[in-house]
Structure formats: structure tokens, C-alpha cells
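The file my_file_24.cif contains mmCIF, C-alpha atoms and all ligand atoms:
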```cif
data_input
#
loop_
_atom_site.label_atom_id
_atom_site.label_comp_id
_atom_site.auth_asym_id
_atom_site.auth_seq_id
_atom_site.Cartn_x
_atom_site.Cartn_y
_atom_site.Cartn_z
CA ALA A 1036 66.60 25.16 19.55
CA GLY A 1037 65.67 22.74 16.79
CA ALA A 1038 63.99 20.33 19.23
CA ILE A 1039 60.88 18.61 17.91
CA LEU A 1040 59.53 18.24 21.46
CA SER A 1041 60.57 20.43 24.34
CA ILE A 1042 58.78 20.01 27.66
CA ARG A 1043 59.72 22.67 30.17
CA ASN A 1044 58.88 22.51 33.86
CA LEU A 1045 55.62 20.69 33.26
CA LYS A 1046 53.37 20.29 36.27
CA ALA A 1047 50.12 18.35 36.21
CA ASP A 1048 47.65 17.51 38.96
CA ILE A 1049 44.97 14.89 39.43
CA GLY A 1050 42.14 15.56 41.83
CA THR A 1051 41.11 12.53 43.87
CA ARG A 1052 38.73 12.11 46.81
CA GLN A 1053 41.72 11.97 49.11
CA GLY A 1054 43.21 15.19 47.76
CA VAL A 1055 45.23 16.62 44.89
CA MET A 1056 48.12 14.59 43.54
CA ARG A 1057 50.93 16.26 41.61
CA VAL A 1058 51.53 13.41 39.15
CA VAL A 1059 53.92 15.36 36.94
CA ASP A 1060 56.21 17.54 39.03
CA ASP A 1061 58.45 19.98 37.19
CA VAL A 1062 59.31 17.65 34.32
CA SER A 1063 61.63 18.90 31.56
CA LEU A 1064 62.50 16.79 28.55
CA THR A 1065 63.68 17.43 24.98
CA ILE A 1066 63.72 15.33 21.83
CA GLY A 1067 65.68 16.28 18.72
CA PRO A 1068 64.48 15.59 15.17
CA GLY A 1069 64.63 11.85 14.47
CA GLU A 1070 65.87 11.08 17.98
CA ALA A 1071 64.48 8.10 19.92
CA VAL A 1072 64.04 8.92 23.59
CA ALA A 1073 62.68 6.69 26.35
CA LEU A 1074 60.79 7.71 29.47
CA VAL A 1075 61.15 4.86 31.94
CA GLY A 1076 60.05 3.99 35.45
CA GLU A 1077 57.78 1.61 37.35
CA SER A 1078 54.06 1.78 36.83
CA GLY A 1079 52.53 4.64 38.78
CA CYS A 1080 55.64 6.81 38.46
CA GLY A 1081 53.94 9.36 36.18
CA LYS A 1082 55.17 8.32 32.72
CA SER A 1083 51.74 7.76 31.23
CA MET A 1084 50.43 10.90 32.91
CA THR A 1085 53.19 12.85 31.19
CA ALA A 1086 52.10 11.42 27.82
CA LEU A 1087 48.44 12.05 28.55
CA SER A 1088 49.05 15.64 29.54
CA ILE A 1089 51.12 16.28 26.39
CA THR A 1090 48.51 14.77 24.12
CA LYS A 1091 45.40 15.91 26.00
CA LEU A 1092 44.06 12.41 25.79
CA ALA A 1093 43.22 12.16 29.47
CA PRO A 1094 39.52 12.21 30.26
CA GLU A 1095 38.30 15.80 30.65
CA ARG A 1096 39.02 17.30 34.08
CA SER A 1097 40.93 14.26 35.33
CA VAL A 1098 44.41 15.68 34.71
CA SER A 1099 45.08 19.38 34.68
CA ILE A 1100 48.28 21.06 33.62
CA VAL A 1101 49.07 23.67 36.24
CA GLY A 1102 52.40 24.92 34.93
CA GLY A 1103 55.06 24.69 32.26
CA GLU A 1104 55.22 24.45 28.49
CA VAL A 1105 55.03 21.67 25.95
CA LEU A 1106 56.57 22.92 22.72
CA LEU A 1107 55.87 20.63 19.78
CA ASP A 1108 57.84 21.83 16.78
CA GLY A 1109 57.99 25.25 18.47
CA ARG A 1110 54.28 25.51 19.25
CA ASP A 1111 53.01 25.42 22.84
CA LEU A 1112 50.37 22.71 23.26
CA VAL A 1113 49.33 23.68 26.78
CA PRO A 1114 46.86 26.42 25.79
CA LEU A 1115 45.36 24.36 22.92
CA SER A 1116 41.86 22.98 23.14
CA ARG A 1117 41.20 19.30 22.63
CA SER A 1118 39.95 19.87 19.10
CA GLU A 1119 42.99 21.97 18.19
CA MET A 1120 45.12 19.16 19.58
CA GLN A 1121 43.15 16.64 17.55
CA ALA A 1122 44.09 18.51 14.38
CA LEU A 1123 47.79 18.04 15.18
CA ARG A 1124 47.32 14.32 15.72
CA GLY A 1125 48.34 12.42 12.62
CA ASN A 1126 49.94 15.58 11.26
CA VAL A 1127 52.72 16.59 13.64
CA VAL A 1128 52.34 13.93 16.29
CA GLY A 1129 51.31 10.29 16.05
CA MET A 1130 50.43 8.04 18.93
CA VAL A 1131 50.58 4.34 19.61
CA PHE A 1132 49.21 3.17 22.92
CA GLN A 1133 48.79 -0.21 24.56
CA ASP A 1134 45.24 -0.67 23.32
CA PRO A 1135 45.00 0.19 19.61
CA MET A 1136 41.20 0.20 19.82
CA THR A 1137 41.40 3.57 21.59
CA PHE A 1138 42.67 5.09 18.35
CA LEU A 1139 41.00 3.04 15.68
CA ASN A 1140 37.53 3.84 14.48
CA PRO A 1141 35.48 0.66 15.00
CA VAL A 1142 33.11 1.37 12.11
CA MET A 1143 35.62 2.30 9.41
CA ALA A 1144 37.69 -0.10 7.29
CA VAL A 1145 41.36 0.16 8.29
CA GLY A 1146 42.45 1.10 4.74
CA SER A 1147 40.28 4.23 4.93
CA GLN A 1148 41.67 5.03 8.38
CA ILE A 1149 45.22 4.87 7.05
CA ALA A 1150 44.19 6.96 4.03
CA ASN A 1151 42.54 9.76 6.04
CA PRO A 1152 45.63 11.56 7.37
CA LEU A 1153 47.39 11.12 4.01
CA ARG A 1154 44.49 12.84 2.30
CA ARG A 1155 44.10 15.52 4.96
CA HIS A 1156 47.71 16.37 5.68
CA MET A 1157 49.57 15.36 2.53
CA GLY A 1158 46.87 16.13 -0.02
CA LEU A 1159 47.10 12.71 -1.67
CA ARG A 1160 44.19 11.62 -3.89
CA GLY A 1161 43.12 8.79 -6.19
CA ALA A 1162 45.73 6.33 -7.39
CA ARG A 1163 48.59 8.04 -5.53
CA LEU A 1164 46.63 7.77 -2.29
CA ALA A 1165 45.78 4.10 -2.87
CA ALA A 1166 49.42 3.35 -3.71
CA ARG A 1167 50.64 5.07 -0.53
CA VAL A 1168 48.14 3.19 1.65
CA HIS A 1169 49.40 -0.09 0.21
CA GLU A 1170 53.02 0.98 0.70
CA LEU A 1171 52.31 1.71 4.38
CA ILE A 1172 50.50 -1.59 4.85
CA ASP A 1173 53.52 -3.31 3.28
CA LEU A 1174 55.92 -1.32 5.43
CA VAL A 1175 54.31 -2.64 8.63
CA ARG A 1176 54.45 -6.11 7.05
CA ILE A 1177 50.78 -6.93 6.98
CA PRO A 1178 50.19 -9.92 4.73
CA GLU A 1179 47.23 -9.87 2.35
CA ALA A 1180 47.20 -6.07 2.19
CA ALA A 1181 44.10 -5.84 -0.01
CA ARG A 1182 42.00 -7.98 2.30
CA VAL A 1183 43.24 -6.27 5.47
CA ALA A 1184 42.56 -2.80 4.03
CA LYS A 1185 38.89 -3.74 3.71
CA SER A 1186 38.68 -5.19 7.23
CA TYR A 1187 37.31 -3.54 10.33
CA PRO A 1188 39.48 -3.34 13.46
CA HIS A 1189 37.48 -6.02 15.34
CA GLU A 1190 38.24 -8.50 12.55
CA LEU A 1191 41.99 -8.23 13.18
CA SER A 1192 44.25 -9.69 15.89
CA GLY A 1193 45.86 -7.44 18.53
CA GLY A 1194 49.21 -7.58 16.73
CA MET A 1195 47.60 -6.68 13.37
CA ARG A 1196 45.76 -3.74 14.94
CA GLN A 1197 49.02 -2.48 16.40
CA ARG A 1198 50.61 -2.69 12.93
CA VAL A 1199 47.72 -0.69 11.48
CA LEU A 1200 48.19 1.91 14.18
CA ILE A 1201 51.90 2.16 13.42
CA ALA A 1202 51.09 2.62 9.72
CA LEU A 1203 48.72 5.40 10.77
CA ALA A 1204 51.03 7.06 13.26
CA CYS A 1205 54.53 6.94 11.84
CA SER A 1206 54.61 9.66 9.23
CA PRO A 1207 54.42 12.69 11.59
CA LYS A 1208 57.54 14.29 13.06
CA LEU A 1209 57.03 12.73 16.49
CA LEU A 1210 55.58 9.44 17.58
CA ILE A 1211 54.51 8.99 21.19
CA ALA A 1212 54.28 5.33 22.11
CA ASP A 1213 53.09 4.25 25.57
CA GLU A 1214 53.86 0.58 26.30
CA PRO A 1215 52.99 -0.22 22.68
CA THR A 1216 53.69 -3.95 22.96
CA THR A 1217 52.89 -4.77 26.60
CA ALA A 1218 49.57 -6.44 25.75
CA LEU A 1219 51.10 -8.66 23.06
CA ASP A 1220 52.88 -12.00 23.40
CA VAL A 1221 56.67 -12.03 23.22
CA THR A 1222 57.06 -13.14 19.58
CA ILE A 1223 54.56 -10.61 18.30
CA GLN A 1224 56.19 -7.96 20.53
CA ALA A 1225 59.53 -8.45 18.81
CA GLN A 1226 57.90 -8.24 15.37
CA ILE A 1227 56.02 -5.05 16.24
CA LEU A 1228 59.14 -3.38 17.65
CA ASP A 1229 60.96 -4.29 14.48
CA VAL A 1230 58.22 -2.78 12.35
CA LEU A 1231 58.19 0.31 14.55
CA LYS A 1232 61.95 0.71 14.21
CA SER A 1233 61.97 0.43 10.43
CA SER A 1234 58.96 2.75 10.06
CA LEU A 1235 60.57 5.44 12.21
CA LYS A 1236 63.73 5.15 10.15
CA GLU A 1237 61.85 5.38 6.87
CA PHE A 1238 60.14 8.62 7.89
CA GLY A 1239 62.89 10.10 10.10
CA THR A 1240 60.28 10.27 12.86
CA ALA A 1241 61.35 11.11 16.43
CA LEU A 1242 60.14 8.78 19.19
CA LEU A 1243 59.04 9.28 22.77
CA LEU A 1244 58.81 5.72 24.05
CA ILE A 1245 57.17 5.21 27.41
CA THR A 1246 58.01 1.85 28.92
CA HIS A 1247 59.09 -0.04 32.01
CA ASN A 1248 61.07 -2.48 29.87
CA MET A 1249 64.80 -1.65 29.86
CA GLY A 1250 65.44 -4.30 27.22
CA ILE A 1251 63.22 -2.43 24.77
CA VAL A 1252 64.99 0.83 25.69
CA ALA A 1253 68.39 -0.72 24.90
CA ASP A 1254 67.07 -1.95 21.57
CA MET A 1255 65.18 1.13 20.40
CA CYS A 1256 66.45 4.33 21.99
CA ASP A 1257 69.31 6.84 21.88
CA ARG A 1258 68.62 8.59 25.15
CA VAL A 1259 66.61 7.92 28.29
CA TYR A 1260 64.87 9.83 31.06
CA VAL A 1261 64.17 7.97 34.29
CA MET A 1262 61.06 9.08 36.15
CA TYR A 1263 60.19 8.42 39.76
CA ALA A 1264 57.14 9.60 41.70
CA GLY A 1265 56.34 12.38 39.23
CA ARG A 1266 59.91 13.67 38.80
CA ILE A 1267 62.76 13.08 36.39
CA VAL A 1268 65.61 11.59 38.45
CA GLU A 1269 68.14 10.82 35.72
CA GLU A 1270 68.85 11.58 32.07
CA ALA A 1271 71.55 9.95 29.97
CA ARG A 1272 72.53 8.39 26.69
CA VAL A 1273 71.33 4.79 26.58
CA GLU A 1274 74.86 3.32 26.63
CA ASP A 1275 75.70 5.41 29.71
CA ILE A 1276 72.55 4.44 31.62
CA PHE A 1277 73.48 0.76 31.31
CA ALA A 1278 77.22 1.23 31.85
CA ARG A 1279 77.17 3.79 34.66
CA PRO A 1280 73.75 4.52 36.15
CA GLN A 1281 74.12 7.42 38.62
CA HIS A 1282 70.82 7.44 40.50
CA PRO A 1283 70.13 4.63 43.02
CA TYR A 1284 66.62 4.26 41.54
CA THR A 1285 68.07 3.69 38.07
CA ARG A 1286 70.45 1.12 39.54
CA GLY A 1287 67.48 -0.60 41.16
CA LEU A 1288 65.52 -0.61 37.90
CA LEU A 1289 68.47 -2.13 36.02
CA ALA A 1290 69.09 -4.70 38.74
CA SER A 1291 65.49 -5.89 38.51
CA VAL A 1292 65.88 -6.59 34.80
CA LEU A 1293 66.92 -10.10 33.86
CA ARG A 1294 69.95 -9.68 31.63
CA HIS A 1295 71.47 -12.28 29.37
CA ASP A 1296 74.94 -11.50 30.66
CA ARG A 1297 74.06 -12.32 34.27
CA PRO A 1298 72.84 -15.48 35.97
CA PRO A 1299 69.20 -15.38 37.13
CA GLU A 1300 70.27 -15.37 40.80
CA ALA A 1301 71.65 -11.87 40.18
CA LEU A 1302 68.08 -10.73 39.59
CA LYS A 1303 67.18 -8.38 42.37
CA VAL A 1304 63.77 -6.93 42.86
CA MET A 1305 63.54 -3.50 44.39
CA THR A 1306 61.63 -3.49 47.64
CA GLY A 1307 58.86 -1.05 48.48
CA SER A 1308 56.70 0.84 46.03
CA VAL A 1309 56.19 4.26 44.50
CA PRO A 1310 54.99 6.63 47.28
CA ASN A 1311 51.49 7.99 47.56
CA LEU A 1312 51.66 11.33 45.77
CA ILE A 1313 49.04 12.96 47.97
CA ALA A 1314 51.64 13.08 50.74
CA PRO A 1315 55.02 12.37 49.12
CA PRO A 1316 58.12 12.09 51.34
CA ALA A 1317 59.94 15.41 51.81
CA GLY A 1318 63.14 15.86 49.83
CA CYS A 1319 64.17 12.96 47.64
CA ARG A 1320 61.10 10.87 46.93
CA PHE A 1321 63.14 7.71 46.61
CA ARG A 1322 64.46 8.10 50.16
CA PRO A 1323 62.17 5.47 51.82
CA ARG A 1324 63.48 2.82 49.39
CA CYS A 1325 67.03 4.05 48.87
CA PRO A 1326 69.92 1.90 50.16
CA ASN A 1327 72.16 5.02 50.19
CA ALA A 1328 69.83 7.45 51.98
CA MET A 1329 71.50 10.05 54.22
CA ALA A 1330 70.19 12.82 56.47
CA VAL A 1331 70.60 15.44 53.73
CA CYS A 1332 68.21 13.45 51.49
CA ALA A 1333 65.28 14.90 53.45
CA THR A 1334 65.85 18.05 51.39
CA ASP A 1335 65.40 18.17 47.59
CA PRO A 1336 68.53 16.88 45.84
CA PRO A 1337 70.07 19.23 43.25
CA TRP A 1338 70.15 18.28 39.57
CA MET A 1339 73.80 17.69 38.72
CA VAL A 1340 75.18 17.15 35.22
CA ASP A 1341 78.56 15.44 34.87
CA ASP A 1342 81.19 16.05 32.20
CA ARG A 1343 79.61 13.42 29.94
CA GLY A 1344 76.31 15.30 29.99
CA GLN A 1345 74.62 12.72 32.22
CA GLY A 1346 72.25 14.33 34.72
CA ALA A 1347 70.84 13.02 38.00
CA ALA A 1348 68.98 14.38 41.00
CA CYS A 1349 70.80 12.73 43.90
CA TRP A 1350 72.83 13.97 46.85
CA LEU A 1351 75.42 11.25 46.23
CA ASN A 1352 76.59 13.13 43.14
CA SER A 1353 77.11 16.46 44.80
CA ARG A 1354 79.80 15.42 47.26
FE1 LIG B 1401 69.13 8.03 47.77
FE2 LIG B 1401 69.58 10.40 48.84
FE3 LIG B 1401 70.20 10.00 46.29
FE4 LIG B 1401 67.67 10.13 47.09
S1 LIG B 1401 69.17 11.78 47.15
S2 LIG B 1401 68.53 8.66 45.71
S3 LIG B 1401 67.74 9.16 49.09
S4 LIG B 1401 71.13 9.00 48.08
MG MG B 1402 51.38 3.41 32.17
#
```
As C-alpha cells:
Amino acid sequence: AGAILSIRNLKADIGTRQGVMRVVDDVSLTIGPGEAVALVGESGCGKSMTALSITKLAPERSVSIVGGEVLLDGRDLVPLSRSEMQALRGNVVGMVFQDPMTFLNPVMAVGSQIANPLRRHMGLRGARLAARVHELIDLVRIPEAARVAKSYPHELSGGMRQRVLIALACSPKLLIADEPTTALDVTIQAQILDVLKSSLKEFGTALLLITHNMGIVADMCDRVYVMYAGRIVEEARVEDIFARPQHPYTRGLLASVLRHDRPPEALKVMTGSVPNLIAPPAGCRFRPRCPNAMAVCATDPPWMVDDRGQGAACWLNSR
């Protein structure tokens, strides 16, 4: 109760020439008001598919939800049409994806694009509207606000476009961000994350951050879900995931991250890759790569929650 986003037992399929892939397999996830939650995993593990199925942004017919619920502020999004979903965008849910051009209108000045949801959803007009647009442009630290407001997206750099998108997307109750800074260089990345953090704080917006970057998770999030081969394998508070990861996949992910507190020779890269989801391994899907695999792992591991509230799907935890 009170969750801004509550995904329950979501299942989504993709049809390919080789067969049907269950890319989201019984995923449950909740985000409280104002909470920042990360969904992490390697590429191809189903994180983006989860975001696309929530937001109905996937190309028509490519991903189909075949089970479960996605409650956004108490309302189930699964039965909504794309146009009904569109109406919620900018109002209840904002989105920032890797390529801002997907969400920016190429033939409209960015000031007008920032103004649109404020007019539509907040009823702002005239001088109050203009003042709010400038406040937002300031908030995301765009220099020369007046000039930028009159510019078209193609006239701006990648980092500037991402700032515009954040200004556009931050006022709803939930922001979904999928690798928002991956395409940007490291300095700009840090600036954008900073802007994102302060904007979320200003509006009390909750965040679902989809990333493979554990450093960004540590910096931005309160809680984290780890996804592997279409399933959630671990859920924990951010400090617990770094201090005491329970699932061998999570340990592998953390070990492949270069950390300041360890010498570079400690950097280990996980071997193998995410399995083909047309014919996933039976039982635990991490089994072919897991250093701890046992005979019992050929059957589905149970989800176990410890006394700190940290959950993992691994046979190691049930002994
Ligand atoms: Fe490894 Fe078994 Fe745990 Fe899977 S269930 S992560 S194979 S120990
Ligand atoms: Mg992705």
C-alpha cells in the first residue's frame, strides 16, 4: 500500500524467428513515494524490456505482456492502450532514456516542449508558465536559458538534450530512467547525474533507474533489484548489496566493477554470458556460470528473505 509503482508477477514475451522468448519472467518490484530504486544487470538480462513493457514504448507487437500487473499510483497500466499510456506520460510518469531524441520533438523549440506538460497537467498559463519554464531550465543548469528555450533539439549537444529531457520529465511522481548517461562522456555524465539528483529531490519524484553501472547505483539509489535472464535474483538496500551480496550473480557483478578501494588486479570479469532465453537452462538460470552450482540448482531456487529484509533466489541461502 502507498507504493507509487508496484509491479506484480509481470511476464512479457518477445516473438522471434527462432521462437518465443520470455524476456520478463515473473518480475515483482515496488517503489515507494520519493524512493530511488535501481534495476541492475548485464545487458540482455531484461532490464530494458521491463521498462519498455511498463511504459508501452516498445514497438507494437514486439513485446507482449502475458501476465501480471503494473500498478502506477494504484492504476493498472497493463490493460491501457498506447494513447491512454501517452496521457500519463509527463503527468504521472516521466522518462529519460539513453537517446533523448526519442522523446524530444525535432520540430518544436525546447522551451515549448518543457512548457507543454506544465500547461496540460498543471494548468499554468502566461507569465506563470514562462517563469516556471525558466525555473526548470535553471534547475537543470542550462546556461543561456533564453537562447536554449528557443533552440531546436538538433541545435543542442547530447548533454544539453539530456538536461532538457530531465527538465521535462522530473515533475511527475515517478521517473523511469534507462541508462540515462551511458552515451555521454564521463564529465558530462557526472553533471547530468547531479542535475538528476537535485531535480528528483526538488520534486520528491521517485526513481526507477535502469543501469549496469554499480557506481551510479551507489551514488543515486536507496534500494536495488538485480535481474538475470529475465528474473529478479536479489533485492536489497544499496548499502547491503555492497556490504553483503547474497546471490553469486550479484557478487560477480560487484567483482567486475573497478572500485576505488581495491587495486585494479582485483578486477574480475565474470565469464560466460546471459543464456539464450528461447531455451534457458532449467532451474537457476545462472547455473552455467555459477562458481557455487550444486545438483539441486537444476530446480528453481526458492526466494528467501533474511532478517534484514534482503531477498535472493539461490539454493545457497536455503541450507
Ligand atoms: Fe549458483 Fe545454485 Fe545459487 Fe543458482 S541457485 S546462483 S546455481 S548456487
Ligand atoms: Mg538496455
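Excluding Val1183 (chain A) and any residue on its chain fewer than 6 positions from it, the residues at most 12 Å away by all atoms listed in the file are A:Ala1144, A:Val1145, A:Gly1146, A:Ser1147, A:Gln1148, A:Ile1149, A:Val1168, A:His1169, A:Ile1172, A:Asp1173, A:Arg1176, A:Ile1177, A:His1189, A:Glu1190, A:Leu1191, A:Ser1192, A:Met1195, A:Arg1196, A:Arg1198, A:Val1199.
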Chain A residues near ligand MG 1402 (chain B) within 7 Å, closest pair each, using all atoms listed in the file, as a tab-separated table:
```
residue	atom	partner	partner_atom	distance
A:Ser1078	CA	B:MG1402	MG	5.6
A:Gly1079	CA	B:MG1402	MG	6.8
A:Lys1082	CA	B:MG1402	MG	6.2
A:Ser1083	CA	B:MG1402	MG	4.5
A:Asp1213	CA	B:MG1402	MG	6.9
A:Glu1214	CA	B:MG1402	MG	7.0
```
Close residues to ligand LIG 1401 (chain B) using only C-alpha atoms and all ligand atoms, limit 10 Å, as number ranges by chain: A: 1268, 1281-1286, 1318-1337, 1347-1353
Separation of CA of Asp1111 (chain A) from CA of Gly1158 (chain A) in Å: 25.4 Å
Neighbour list for Ile1042 (chain A) as a CSV table (one decimal) with C-alpha atoms, keeping the file's coordinate frame, cut-off 10 Å, only C-alpha atoms, skip fewer than 5 positions in-chain:
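The new file part_12.csv reads:
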```csv
chain,number,residue,atom,x,y,z
A,1061,ASP,CA,58.4,20.0,37.2
A,1062,VAL,CA,59.3,17.6,34.3
A,1063,SER,CA,61.6,18.9,31.6
A,1064,LEU,CA,62.5,16.8,28.6
A,1065,THR,CA,63.7,17.4,25.0
A,1066,ILE,CA,63.7,15.3,21.8
A,1085,THR,CA,53.2,12.8,31.2
A,1089,ILE,CA,51.1,16.3,26.4
A,1103,GLY,CA,55.1,24.7,32.3
A,1104,GLU,CA,55.2,24.4,28.5
A,1105,VAL,CA,55.0,21.7,26.0
A,1106,LEU,CA,56.6,22.9,22.7
A,1107,LEU,CA,55.9,20.6,19.8
A,1111,ASP,CA,53.0,25.4,22.8
A,1112,LEU,CA,50.4,22.7,23.3
```
